[in-house]
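Undergrad: Below is the file coords_13.txt, which contains compact mmCIF, C-alpha atoms (C1' of nucleotides).
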# COMPACT_ATOMS: atom_id res chain seq x y z
CA MET B 805 -0.71 -7.94 38.27
CA ASP B 806 0.55 -4.69 36.78
CA LEU B 807 4.17 -4.33 35.97
CA PRO B 808 5.90 -1.37 37.53
CA ASP B 809 5.31 1.68 35.39
CA ASP B 810 8.74 2.58 34.12
CA GLY B 811 7.42 5.67 32.41
CA ASP B 812 8.43 4.52 28.96
CA PRO B 813 5.88 5.85 26.46
CA LEU B 814 7.05 3.21 23.98
CA ASP B 815 6.03 0.36 26.27
CA LEU B 816 3.51 -1.87 24.52
CA ASP B 817 1.50 -2.15 27.73
CA ARG B 818 0.95 1.59 27.85
CA GLN B 819 -0.56 1.83 24.38
CA VAL B 820 -4.31 2.20 23.86
CA CYS B 821 -3.97 1.42 20.22
CA PHE B 822 -2.49 -2.01 20.57
CA PRO B 823 -5.35 -3.55 22.60
CA LEU B 824 -7.81 -2.10 20.09
CA TYR B 825 -5.82 -3.54 17.23
CA ALA B 826 -5.57 -6.92 18.94
CA ALA B 827 -9.25 -6.94 19.91
CA SER B 828 -10.27 -6.15 16.36
CA ASN B 829 -8.13 -8.97 14.99
CA LEU B 830 -9.32 -11.46 17.58
CA LEU B 831 -12.97 -10.54 17.05
CA ASN B 832 -12.60 -10.97 13.33
CA ARG B 833 -11.06 -14.38 13.99
CA LEU B 834 -14.01 -15.31 16.21
CA TYR B 835 -16.59 -14.09 13.68
CA ARG B 836 -14.99 -15.70 10.66
CA PRO B 837 -16.16 -19.32 11.04
CA ILE B 838 -19.64 -18.22 12.13
CA LEU B 839 -20.08 -15.85 9.20
CA ALA B 840 -18.50 -18.33 6.79
CA GLU B 841 -21.65 -20.42 7.20
CA LEU B 842 -23.60 -17.49 5.75
CA GLY B 843 -21.00 -16.98 3.02
CA LEU B 844 -20.02 -13.60 4.45
CA THR B 845 -16.86 -11.89 5.67
CA TYR B 846 -17.05 -9.47 8.59
CA PRO B 847 -17.13 -6.24 6.53
CA GLN B 848 -19.67 -7.85 4.20
CA TYR B 849 -21.77 -8.68 7.26
CA LEU B 850 -21.59 -5.03 8.30
CA VAL B 851 -22.83 -3.98 4.86
CA MET B 852 -25.74 -6.38 5.20
CA LEU B 853 -26.60 -4.99 8.67
CA VAL B 854 -26.77 -1.52 7.18
CA LEU B 855 -28.82 -2.57 4.16
CA TRP B 856 -31.26 -4.60 6.25
CA LYS B 857 -32.05 -1.34 8.05
CA LYS B 858 -32.49 0.74 4.89
CA ALA B 859 -31.99 0.02 1.21
CA PRO B 860 -31.19 1.08 -1.41
CA ARG B 861 -28.25 3.22 -0.39
CA SER B 862 -25.38 4.80 -2.31
CA VAL B 863 -21.83 3.51 -1.95
CA GLY B 864 -20.88 6.77 -0.31
CA SER B 865 -23.58 6.56 2.33
CA LEU B 866 -22.46 3.02 3.19
CA GLY B 867 -18.96 4.38 3.56
CA ASP B 868 -20.11 7.17 5.85
CA VAL B 869 -21.72 4.71 8.22
CA LEU B 870 -18.91 2.15 8.15
CA TYR B 871 -15.96 4.58 7.90
CA LEU B 872 -14.78 3.01 4.65
CA ASP B 873 -14.08 4.49 1.23
CA SER B 874 -14.78 3.36 -2.32
CA GLY B 875 -11.34 1.77 -2.58
CA THR B 876 -12.47 -0.77 -0.02
CA LEU B 877 -16.17 -0.89 -0.79
CA THR B 878 -16.21 -1.16 -4.57
CA PRO B 879 -14.44 -4.54 -4.85
CA LEU B 880 -16.23 -5.81 -1.74
CA LEU B 881 -19.64 -4.89 -3.19
CA LYS B 882 -18.73 -6.49 -6.49
CA ARG B 883 -18.04 -9.75 -4.70
CA MET B 884 -21.36 -9.49 -2.89
CA GLU B 885 -23.07 -8.82 -6.22
CA THR B 886 -21.42 -11.90 -7.70
CA ALA B 887 -22.65 -13.86 -4.69
CA GLY B 888 -26.19 -12.70 -5.52
CA LEU B 889 -26.79 -10.82 -2.27
CA ILE B 890 -27.02 -7.29 -3.63
CA SER B 891 -27.53 -5.34 -6.84
CA ARG B 892 -25.49 -2.33 -7.98
CA THR B 893 -27.10 0.14 -10.36
CA ARG B 894 -26.25 3.67 -11.39
CA ASP B 895 -28.62 6.21 -9.90
CA ALA B 896 -30.74 7.67 -12.71
CA GLU B 897 -31.06 10.92 -10.76
CA ASP B 898 -27.31 11.36 -10.51
CA GLU B 899 -25.24 9.16 -12.73
CA ARG B 900 -22.19 9.58 -10.51
CA ARG B 901 -23.81 7.55 -7.78
CA VAL B 902 -24.24 3.79 -7.58
CA LEU B 903 -27.20 2.49 -5.64
CA VAL B 904 -26.75 -0.70 -3.67
CA ASP B 905 -29.91 -2.68 -3.01
CA LEU B 906 -30.77 -6.06 -1.51
CA THR B 907 -31.80 -8.96 -3.69
CA ASP B 908 -34.38 -11.47 -2.48
CA LYS B 909 -31.50 -13.74 -1.55
CA GLY B 910 -29.93 -10.91 0.43
CA ARG B 911 -33.17 -10.19 2.27
CA ASP B 912 -33.66 -13.88 3.02
CA LEU B 913 -30.23 -14.14 4.61
CA ARG B 914 -31.44 -12.00 7.49
CA SER B 915 -33.24 -14.85 9.26
CA GLU B 916 -30.06 -16.90 9.26
CA ALA B 917 -28.04 -13.94 10.47
CA GLU B 918 -30.22 -13.60 13.54
CA LYS B 919 -28.35 -16.54 15.05
CA VAL B 920 -25.00 -14.75 14.76
CA PRO B 921 -25.06 -12.49 17.85
CA GLY B 922 -26.05 -15.41 20.04
CA ALA B 923 -23.38 -17.70 18.64
CA LEU B 924 -20.84 -14.99 19.36
CA ALA B 925 -21.92 -14.22 22.88
CA ASP B 926 -21.53 -17.93 23.65
CA GLY B 927 -17.93 -17.89 22.49
CA LEU B 928 -17.21 -14.84 24.58
CA GLY B 929 -18.78 -15.25 27.97
CA ILE B 930 -18.59 -11.77 29.44
CA ASP B 931 -21.52 -10.05 31.09
CA GLU B 932 -23.72 -7.71 29.12
CA ALA B 933 -23.26 -4.68 31.35
CA SER B 934 -19.52 -4.53 30.87
CA VAL B 935 -19.97 -5.10 27.15
CA THR B 936 -22.30 -2.11 26.95
CA ARG B 937 -19.92 0.04 28.96
CA LEU B 938 -17.02 -0.92 26.73
CA ARG B 939 -19.05 -0.31 23.60
CA ASP B 940 -19.97 3.21 24.65
CA GLN B 941 -16.38 4.09 25.51
CA VAL B 942 -15.04 2.80 22.23
CA ARG B 943 -17.75 4.77 20.47
CA GLY B 944 -16.46 7.90 22.16
CA LEU B 945 -13.02 7.17 20.80
CA VAL B 946 -14.40 6.55 17.32
CA GLU B 947 -16.03 9.96 17.36
CA ALA B 948 -12.83 11.61 18.52
CA LEU B 949 -10.88 9.78 15.84
CA ASN B 950 -13.38 10.58 13.16
CA GLY B 951 -13.10 14.23 14.06
CA SER B 952 -9.33 14.21 13.79
CA THR B 953 -8.90 12.10 10.68
CA VAL B 954 -11.73 13.47 8.54
CA LYS B 955 -11.00 17.08 9.40
CA LYS B 956 -9.87 19.13 6.43
CA PRO B 957 -7.91 22.24 7.46
CA MET Q 1318 -28.83 11.29 21.96
CA ASP Q 1319 -29.63 7.57 21.90
CA LEU Q 1320 -32.01 6.21 19.38
CA PRO Q 1321 -34.93 4.28 20.81
CA ASP Q 1322 -33.85 0.74 21.48
CA ASP Q 1323 -35.95 -1.32 19.14
CA GLY Q 1324 -34.54 -4.54 20.53
CA ASP Q 1325 -33.08 -5.61 17.22
CA PRO Q 1326 -29.87 -7.56 17.91
CA LEU Q 1327 -28.81 -6.94 14.31
CA ASP Q 1328 -28.80 -3.17 14.77
CA LEU Q 1329 -25.36 -1.80 13.99
CA ASP Q 1330 -25.59 0.55 16.97
CA ARG Q 1331 -25.96 -2.34 19.37
CA GLN Q 1332 -22.79 -4.11 18.28
CA VAL Q 1333 -19.60 -3.95 20.36
CA CYS Q 1334 -17.59 -5.32 17.54
CA PHE Q 1335 -18.28 -2.60 15.05
CA PRO Q 1336 -16.93 0.31 17.12
CA LEU Q 1337 -13.81 -1.73 17.82
CA TYR Q 1338 -13.42 -2.49 14.14
CA ALA Q 1339 -13.96 1.16 13.21
CA ALA Q 1340 -11.63 2.42 15.95
CA SER Q 1341 -8.90 0.06 14.82
CA ASN Q 1342 -9.23 1.23 11.21
CA LEU Q 1343 -9.33 4.89 12.14
CA LEU Q 1344 -6.32 4.57 14.45
CA ASN Q 1345 -4.36 2.83 11.74
CA ARG Q 1346 -5.28 5.67 9.40
CA LEU Q 1347 -4.06 8.21 11.98
CA TYR Q 1348 -0.79 6.35 12.61
CA ARG Q 1349 0.01 5.74 8.96
CA PRO Q 1350 1.43 9.14 7.94
CA ILE Q 1351 3.31 9.51 11.23
CA LEU Q 1352 4.91 6.07 10.98
CA ALA Q 1353 5.56 6.49 7.26
CA GLU Q 1354 8.20 9.05 8.23
CA LEU Q 1355 10.03 6.25 10.05
CA GLY Q 1356 9.47 3.86 7.16
CA LEU Q 1357 7.20 1.65 9.27
CA THR Q 1358 3.67 0.31 9.07
CA TYR Q 1359 1.64 -0.07 12.28
CA PRO Q 1360 2.27 -3.82 12.79
CA GLN Q 1361 5.95 -3.24 12.00
CA TYR Q 1362 5.98 -0.51 14.64
CA LEU Q 1363 4.51 -3.00 17.13
CA VAL Q 1364 7.30 -5.47 16.32
CA MET Q 1365 9.86 -2.74 16.95
CA LEU Q 1366 8.24 -1.85 20.30
CA VAL Q 1367 8.56 -5.48 21.37
CA LEU Q 1368 12.14 -5.83 20.17
CA TRP Q 1369 13.23 -2.58 21.78
CA LYS Q 1370 12.18 -4.13 25.10
CA LYS Q 1371 13.93 -7.44 24.53
CA ALA Q 1372 15.83 -8.93 21.62
CA PRO Q 1373 16.55 -11.37 20.13
CA ARG Q 1374 13.20 -13.14 20.17
CA SER Q 1375 11.75 -16.01 18.18
CA VAL Q 1376 9.02 -15.47 15.61
CA GLY Q 1377 6.64 -17.45 17.80
CA SER Q 1378 7.29 -15.33 20.88
CA LEU Q 1379 6.61 -12.19 18.85
CA GLY Q 1380 3.36 -13.78 17.73
CA ASP Q 1381 2.38 -14.62 21.31
CA VAL Q 1382 2.76 -11.01 22.37
CA LEU Q 1383 1.08 -9.49 19.30
CA TYR Q 1384 -1.57 -12.19 18.75
CA LEU Q 1385 -0.29 -12.88 15.22
CA ASP Q 1386 0.87 -16.06 13.51
CA SER Q 1387 3.70 -16.91 11.17
CA GLY Q 1388 1.48 -16.42 8.14
CA THR Q 1389 1.38 -12.74 9.01
CA LEU Q 1390 4.76 -12.33 10.64
CA THR Q 1391 7.06 -14.13 8.21
CA PRO Q 1392 6.48 -11.85 5.21
CA LEU Q 1393 6.33 -8.79 7.46
CA LEU Q 1394 9.67 -9.66 9.08
CA LYS Q 1395 11.21 -10.29 5.67
CA ARG Q 1396 10.25 -6.79 4.62
CA MET Q 1397 11.76 -5.39 7.80
CA GLU Q 1398 14.92 -7.39 7.15
CA THR Q 1399 15.09 -5.98 3.61
CA ALA Q 1400 14.68 -2.52 5.13
CA GLY Q 1401 17.72 -3.24 7.31
CA LEU Q 1402 15.93 -2.90 10.66
CA ILE Q 1403 16.22 -6.50 11.86
CA SER Q 1404 18.10 -9.73 11.25
CA ARG Q 1405 16.58 -13.20 10.97
CA THR Q 1406 18.75 -16.20 11.81
CA ARG Q 1407 17.99 -19.83 12.59
CA ASP Q 1408 18.46 -20.63 16.25
CA ALA Q 1409 21.49 -22.94 16.59
CA GLU Q 1410 19.94 -24.49 19.71
CA ASP Q 1411 16.74 -25.43 17.89
CA GLU Q 1412 16.87 -25.23 14.13
CA ARG Q 1413 13.10 -24.97 13.89
CA ARG Q 1414 13.19 -21.52 15.42
CA VAL Q 1415 14.14 -18.25 13.78
CA LEU Q 1416 15.60 -15.56 16.00
CA VAL Q 1417 14.73 -11.99 15.21
CA ASP Q 1418 17.22 -9.39 16.39
CA LEU Q 1419 17.67 -5.65 16.00
CA THR Q 1420 20.33 -4.23 13.72
CA ASP Q 1421 22.14 -1.02 14.62
CA LYS Q 1422 19.78 0.78 12.29
CA GLY Q 1423 16.82 -0.80 14.07
CA ARG Q 1424 18.15 0.24 17.47
CA ASP Q 1425 18.83 3.77 16.25
CA LEU Q 1426 15.27 4.18 15.06
CA ARG Q 1427 14.11 4.21 18.66
CA SER Q 1428 15.05 7.83 19.26
CA GLU Q 1429 12.94 8.92 16.30
CA ALA Q 1430 10.06 6.72 17.44
CA GLU Q 1431 9.92 8.52 20.77
CA LYS Q 1432 8.14 11.37 19.01
CA VAL Q 1433 5.33 9.11 17.84
CA PRO Q 1434 3.13 8.93 20.96
CA GLY Q 1435 3.19 12.70 21.31
CA ALA Q 1436 2.35 13.29 17.66
CA LEU Q 1437 -0.58 10.96 18.06
CA ALA Q 1438 -1.95 12.44 21.24
CA ASP Q 1439 -1.99 15.81 19.48
CA GLY Q 1440 -4.15 14.45 16.71
CA LEU Q 1441 -6.54 12.92 19.19
CA GLY Q 1442 -7.21 15.41 21.93
CA ILE Q 1443 -8.90 13.30 24.59
CA ASP Q 1444 -7.89 13.33 28.22
CA GLU Q 1445 -5.45 10.80 29.56
CA ALA Q 1446 -7.71 9.41 32.28
CA SER Q 1447 -10.40 8.29 29.88
CA VAL Q 1448 -7.76 6.86 27.57
CA THR Q 1449 -6.39 4.76 30.41
CA ARG Q 1450 -9.86 3.61 31.41
CA LEU Q 1451 -10.65 2.64 27.84
CA ARG Q 1452 -7.35 0.85 27.46
CA ASP Q 1453 -7.92 -1.30 30.52
CA GLN Q 1454 -11.42 -2.27 29.42
CA VAL Q 1455 -10.31 -3.23 25.94
CA ARG Q 1456 -7.54 -5.25 27.51
CA GLY Q 1457 -10.14 -7.17 29.46
CA LEU Q 1458 -11.91 -7.96 26.24
CA VAL Q 1459 -8.69 -9.06 24.59
CA GLU Q 1460 -8.09 -11.52 27.40
CA ALA Q 1461 -11.61 -12.87 27.12
CA LEU Q 1462 -11.22 -13.17 23.36
CA ASN Q 1463 -7.85 -14.80 23.61
CA GLY Q 1464 -9.31 -17.37 25.95
CA SER Q 1465 -12.12 -18.22 23.60
CA THR Q 1466 -10.22 -18.23 20.31
CA VAL Q 1467 -7.04 -19.97 21.41
CA LYS Q 1468 -8.86 -22.59 23.46
CA LYS Q 1469 -8.41 -26.09 22.13
CA PRO Q 1470 -11.24 -28.43 23.21
C1' DA F 1182 17.03 -47.13 16.84
C1' DA F 1183 12.86 -46.66 14.08
C1' DA F 1184 8.44 -44.96 13.70
C1' DT F 1185 5.24 -41.54 15.12
C1' DA F 1186 3.74 -37.29 16.91
C1' DT F 1187 4.51 -32.62 17.86
C1' DT F 1188 6.48 -28.17 17.14
C1' DA F 1189 8.24 -23.88 14.58
C1' DT F 1190 8.34 -21.52 10.61
C1' DA F 1191 7.21 -20.92 5.68
C1' DT F 1192 4.06 -20.91 1.70
C1' DT F 1193 -0.29 -20.24 -0.85
C1' DG F 1194 -4.47 -18.04 -1.88
C1' DT F 1195 -8.25 -14.86 -0.63
C1' DG F 1196 -10.12 -10.61 1.06
C1' DC F 1197 -9.70 -6.55 3.08
C1' DG F 1198 -8.00 -1.34 3.99
C1' DC F 1199 -5.79 2.43 2.35
C1' DA F 1200 -3.28 6.21 -0.37
C1' DA F 1201 -2.94 7.85 -4.76
C1' DT F 1202 -4.83 8.39 -8.96
C1' DA F 1203 -8.19 8.10 -12.87
C1' DT F 1204 -12.74 8.63 -14.98
C1' DG F 1205 -16.92 10.47 -15.75
C1' DA F 1206 -21.01 13.26 -14.09
C1' DT F 1207 -22.69 17.48 -12.05
C1' DT F 1208 -22.29 22.10 -10.37
C1' DG F 1209 -20.60 26.70 -10.42
C1' DT F 1210 -18.98 30.42 -12.99
C1' DA F 1211 -16.96 33.42 -16.58
C1' DT Z 7 -22.43 28.24 -23.92
C1' DA Z 8 -17.95 27.01 -22.41
C1' DC Z 9 -14.98 25.74 -18.94
C1' DA Z 10 -13.23 25.16 -14.48
C1' DA Z 11 -14.09 23.09 -10.05
C1' DT Z 12 -16.22 19.65 -7.42
C1' DC Z 13 -18.13 15.26 -6.53
C1' DA Z 14 -19.00 9.97 -6.65
C1' DT Z 15 -17.19 5.92 -7.85
C1' DA Z 16 -13.53 2.98 -9.87
C1' DT Z 17 -8.73 1.43 -10.39
C1' DT Z 18 -3.96 0.37 -9.01
C1' DG Z 19 -0.51 -1.15 -6.00
C1' DC Z 20 1.00 -2.45 -1.49
C1' DG Z 21 0.84 -4.57 3.04
C1' DC Z 22 -1.45 -6.88 6.20
C1' DA Z 23 -4.51 -11.02 8.50
C1' DC Z 24 -6.05 -15.33 8.10
C1' DA Z 25 -7.08 -20.44 7.09
C1' DA Z 26 -5.09 -24.23 5.12
C1' DT Z 27 -1.24 -26.57 3.97
C1' DA Z 28 3.76 -27.79 3.49
C1' DT Z 29 8.38 -28.60 5.26
C1' DA Z 30 11.78 -29.58 8.31
C1' DA Z 31 13.47 -30.22 13.09
C1' DT Z 32 12.80 -31.97 17.68
C1' DA Z 33 10.37 -34.89 21.05
C1' DT Z 34 7.93 -39.07 22.20
C1' DT Z 35 6.72 -43.66 21.82
C1' DT Z 36 7.31 -48.27 20.52
When written as structure tokens, how does the structure in this file appear?

TA:
Amino acid sequence: MDLPDDGDPLDLDRQVCFPLYAASNLLNRLYRPILAELGLTYPQYLVMLVLWKKAPRSVGSLGDVLYLDSGTLTPLLKRMETAGLISRTRDAEDERRVLVDLTDKGRDLRSEAEKVPGALADGLGIDEASVTRLRDQVRGLVEALNGSTVKKP
Amino acid sequence: MDLPDDGDPLDLDRQVCFPLYAASNLLNRLYRPILAELGLTYPQYLVMLVLWKKAPRSVGSLGDVLYLDSGTLTPLLKRMETAGLISRTRDAEDERRVLVDLTDKGRDLRSEAEKVPGALADGLGIDEASVTRLRDQVRGLVEALNGSTVKKP
DNA sequence: AAATATTATATTGTGCGCAATATGATTGTA
DNA sequence: TACAATCATATTGCGCACAATATAATATTT
């Protein structure tokens, strides 16, 4: 089913980046209606996943895990605070930092969120082994990318 | 190097979607300064790649290839028109359609764009074989996703 | 032919994601 | 103690992505 390789490096079908971009968009589209029932967007859901593991955490440590900066996180966290899912308080030990913690409402949301991965797998229908393989390869790319974008010469 | 698998489906490290999301963000971040020299954003660059292969094309056919809809493409194409890279004209054969074509300036940009893949590979530093393998796997996912999000029951 | 349905693009409103910059707290140093 | 440098978060401005809706043209049905 492959087209003949005409050697053009500007061919869309030769790009790695485009499938990743498309997959990310399509996944977001698939998640959206499922997460909307929890009142979350996809990046907000990621923040909750991180906080359910360990809270409180600083804004910066959230950003380290999710590869996002304060320009993205600050307004996002404010919306989540308004929604009553998290609290944001200055760290008394270091007033530069803001500590993000779960509220009771935020903690309670976890039981609802447990249905999310299943609902998604249904809408996808690909076997778990290939998903795991894909995941590990993309992770390798993320590490390579993180090395080359974060690097300060 | 793996953490013990505690079986929690809400563990960030078990998600396929998060690495894809992170990779897409990081790639965009890597592309941005390179494409900025051409006066393009990443999705605009994708539009140019498609048009360099075949133009004119309708907005809808661009969307089919790039998995985007008119809500995203219309304003994006207007910006590209303002920048003088493309033209947008109603199709005389079917006045619902808008045909997007390259201008001379848009065609000329191709020679500059040929440097982009090389500049990127430099900043990445992973071998071509694993890139190709990754690309094909992500493509498989995109097809699965496209099936499940486009599907109309 | 008239009414209805479908199709293609445009518009509106919300929430990211990011670079660039600003602000204020802490650390290092003269 | 000052004062410069660094650090953590916040702000600003722009361009996506998307759902929902609107508008106008074509196709289908009656």

Undergrad: Excluding Thr1406 of chain Q and residues on its chain fewer than 4 positions from it, collect all residues at most 7 Å away from it, counting all atoms listed in the file, and give them as a ChimeraX atom specification.

TA: /Q:1415-1417

Undergrad: I need the residue nearest chain Q from this list: Z:DT7, Z:DT29, Z:DT36, Z:DT12. Use all atoms listed in the file for the distance.

TA: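 Counting all atoms listed in the file, the residue closest to chain Q is Z:DT29.
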
Undergrad: With a cut-off of 8 Å and counting all atoms listed in the file, select all residues of chain F in contact with chain B and give the selection as an mmCIF file with C-alpha atoms (C1' of nucleotides), in the frame of the given file.

TA:
data_model
loop_
_atom_site.group_PDB
_atom_site.id
_atom_site.type_symbol
_atom_site.label_atom_id
_atom_site.label_comp_id
_atom_site.auth_asym_id
_atom_site.auth_seq_id
_atom_site.Cartn_x
_atom_site.Cartn_y
_atom_site.Cartn_z
ATOM 1 C "C1'" DC F 1197 -9.700 -6.550 3.080
ATOM 2 C "C1'" DG F 1198 -8.000 -1.340 3.990
ATOM 3 C "C1'" DC F 1199 -5.790 2.430 2.350
ATOM 4 C "C1'" DG F 1205 -16.920 10.470 -15.750
ATOM 5 C "C1'" DA F 1206 -21.010 13.260 -14.090
ATOM 6 C "C1'" DT F 1207 -22.690 17.480 -12.050
#

Undergrad: With 12 Å as the limit and counting all atoms listed in the file, what residues in chain Z lie close to chain B? Please list them as a list in words.

TA: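 Listed by rising number, the hits are DC13, DA14, DT15, DA16, DT17, DT18, DG19, DC22, DA23, DC24 and DA25 of chain Z.
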
Undergrad: Rounded to one decimal in Å, what is the spacing between atom CA of Gly1380 of chain Q and atom CA of Leu1402 of chain Q?

TA: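 One can read the atom CA of Gly1380 of chain Q to atom CA of Leu1402 of chain Q distance as 18.1 Å.
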
Undergrad: Could you work out how far atom CA of Thr936 of chain B lies from atom CA of Gly1324 of chain Q, giving the answer in Å with one decimal?

TA: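 Distance reported for this atom pair: 14.0 Å.
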
Undergrad: Provide the atom CA of Pro860 of chain B to atom CA of Gly910 of chain B distance in Å, to one decimal place.

TA: 12.2 Å

Undergrad: Find the residues in chain B near chain Q: any atom within 8 Å counts, using all atoms listed in the file. Write them as a PyMOL selection string.

TA: chain B and resi 813-816+819-828+830-831+833-834+850+853-854+857+870-871+918+921+927-930+935-936+938-939+941-943+945-946+948-950+952-953

Undergrad: Write out as a list in words the residues lying within 12 Å of DG1209 of chain F, counting all atoms listed in the file and excluding same-chain residues fewer than 4 positions away.

TA: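 Residues near the query, excluding close chain neighbours: DC9, DA10, DA11 and DT12 of chain Z.
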
Undergrad: With all atoms listed in the file as the atoms that count, which of Q:Asp1408, Q:Glu1445, Q:Asp1421, Q:Glu1429 lies nearest to Arg1374 of chain Q?

TA: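 The shortest atom-to-atom distance to Arg1374 of chain Q comes from Q:Asp1408.
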
Undergrad: List as a ChimeraX atom specification the residues having at least one atom at most 9 Å from position (3.6, -27.8, 0.3) as given in the file, counting all atoms listed in the file.

TA: /F:1192-1193 /Z:27-29

Undergrad: For segment 911-917 of chain B, where the input has fewer atoms than it should, I would like all heavy atoms rebuilt and written as an mmCIF file, keeping the file's coordinate frame.

TA:
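Everything below was put into part_23.cif:
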data_model
loop_
_atom_site.group_PDB
_atom_site.id
_atom_site.type_symbol
_atom_site.label_atom_id
_atom_site.label_comp_id
_atom_site.auth_asym_id
_atom_site.auth_seq_id
_atom_site.Cartn_x
_atom_site.Cartn_y
_atom_site.Cartn_z
ATOM 1 N N ARG B 911 -32.148 -10.396 1.230
ATOM 2 C CA ARG B 911 -33.170 -10.190 2.270
ATOM 3 C C ARG B 911 -33.382 -11.477 3.073
ATOM 4 O O ARG B 911 -33.495 -11.458 4.298
ATOM 5 C CB ARG B 911 -34.494 -9.756 1.635
ATOM 6 C CG ARG B 911 -34.756 -8.252 1.714
ATOM 7 C CD ARG B 911 -36.089 -7.895 1.070
ATOM 8 N NE ARG B 911 -36.079 -8.150 -0.372
ATOM 9 C CZ ARG B 911 -35.682 -7.254 -1.278
ATOM 10 N NH1 ARG B 911 -35.284 -6.048 -0.891
ATOM 11 N NH2 ARG B 911 -35.694 -7.547 -2.555
ATOM 12 N N ASP B 912 -33.411 -12.593 2.354
ATOM 13 C CA ASP B 912 -33.660 -13.880 3.020
ATOM 14 C C ASP B 912 -32.566 -14.252 4.015
ATOM 15 O O ASP B 912 -32.814 -14.964 4.985
ATOM 16 C CB ASP B 912 -33.793 -15.001 1.980
ATOM 17 C CG ASP B 912 -35.088 -14.885 1.182
ATOM 18 O OD1 ASP B 912 -35.942 -14.069 1.574
ATOM 19 O OD2 ASP B 912 -35.240 -15.597 0.171
ATOM 20 N N LEU B 913 -31.359 -13.769 3.744
ATOM 21 C CA LEU B 913 -30.230 -14.140 4.610
ATOM 22 C C LEU B 913 -30.419 -13.627 6.032
ATOM 23 O O LEU B 913 -29.808 -14.142 6.976
ATOM 24 C CB LEU B 913 -28.931 -13.588 4.018
ATOM 25 C CG LEU B 913 -27.623 -14.182 4.538
ATOM 26 C CD1 LEU B 913 -27.526 -15.653 4.209
ATOM 27 C CD2 LEU B 913 -26.425 -13.429 3.966
ATOM 28 N N ARG B 914 -31.280 -12.622 6.184
ATOM 29 C CA ARG B 914 -31.440 -12.000 7.490
ATOM 30 C C ARG B 914 -31.855 -12.997 8.579
ATOM 31 O O ARG B 914 -31.367 -12.944 9.708
ATOM 32 C CB ARG B 914 -32.466 -10.877 7.424
ATOM 33 C CG ARG B 914 -32.442 -9.970 8.636
ATOM 34 C CD ARG B 914 -33.470 -8.867 8.527
ATOM 35 N NE ARG B 914 -33.246 -7.833 9.519
ATOM 36 C CZ ARG B 914 -33.481 -7.952 10.820
ATOM 37 N NH1 ARG B 914 -33.956 -9.086 11.287
ATOM 38 N NH2 ARG B 914 -33.243 -6.952 11.644
ATOM 39 N N SER B 915 -32.758 -13.901 8.239
ATOM 40 C CA SER B 915 -33.240 -14.850 9.260
ATOM 41 C C SER B 915 -32.107 -15.744 9.752
ATOM 42 O O SER B 915 -32.035 -16.060 10.940
ATOM 43 C CB SER B 915 -34.388 -15.685 8.687
ATOM 44 O OG SER B 915 -33.962 -16.379 7.542
ATOM 45 N N GLU B 916 -31.221 -16.112 8.828
ATOM 46 C CA GLU B 916 -30.060 -16.900 9.260
ATOM 47 C C GLU B 916 -29.129 -16.081 10.130
ATOM 48 O O GLU B 916 -28.541 -16.582 11.091
ATOM 49 C CB GLU B 916 -29.272 -17.400 8.042
ATOM 50 C CG GLU B 916 -29.862 -18.618 7.352
ATOM 51 C CD GLU B 916 -28.854 -19.214 6.383
ATOM 52 O OE1 GLU B 916 -27.832 -19.745 6.849
ATOM 53 O OE2 GLU B 916 -29.085 -19.096 5.164
ATOM 54 N N ALA B 917 -28.987 -14.805 9.769
ATOM 55 C CA ALA B 917 -28.040 -13.940 10.470
ATOM 56 C C ALA B 917 -28.465 -13.672 11.908
ATOM 57 O O ALA B 917 -27.649 -13.299 12.745
ATOM 58 C CB ALA B 917 -27.875 -12.630 9.721
#
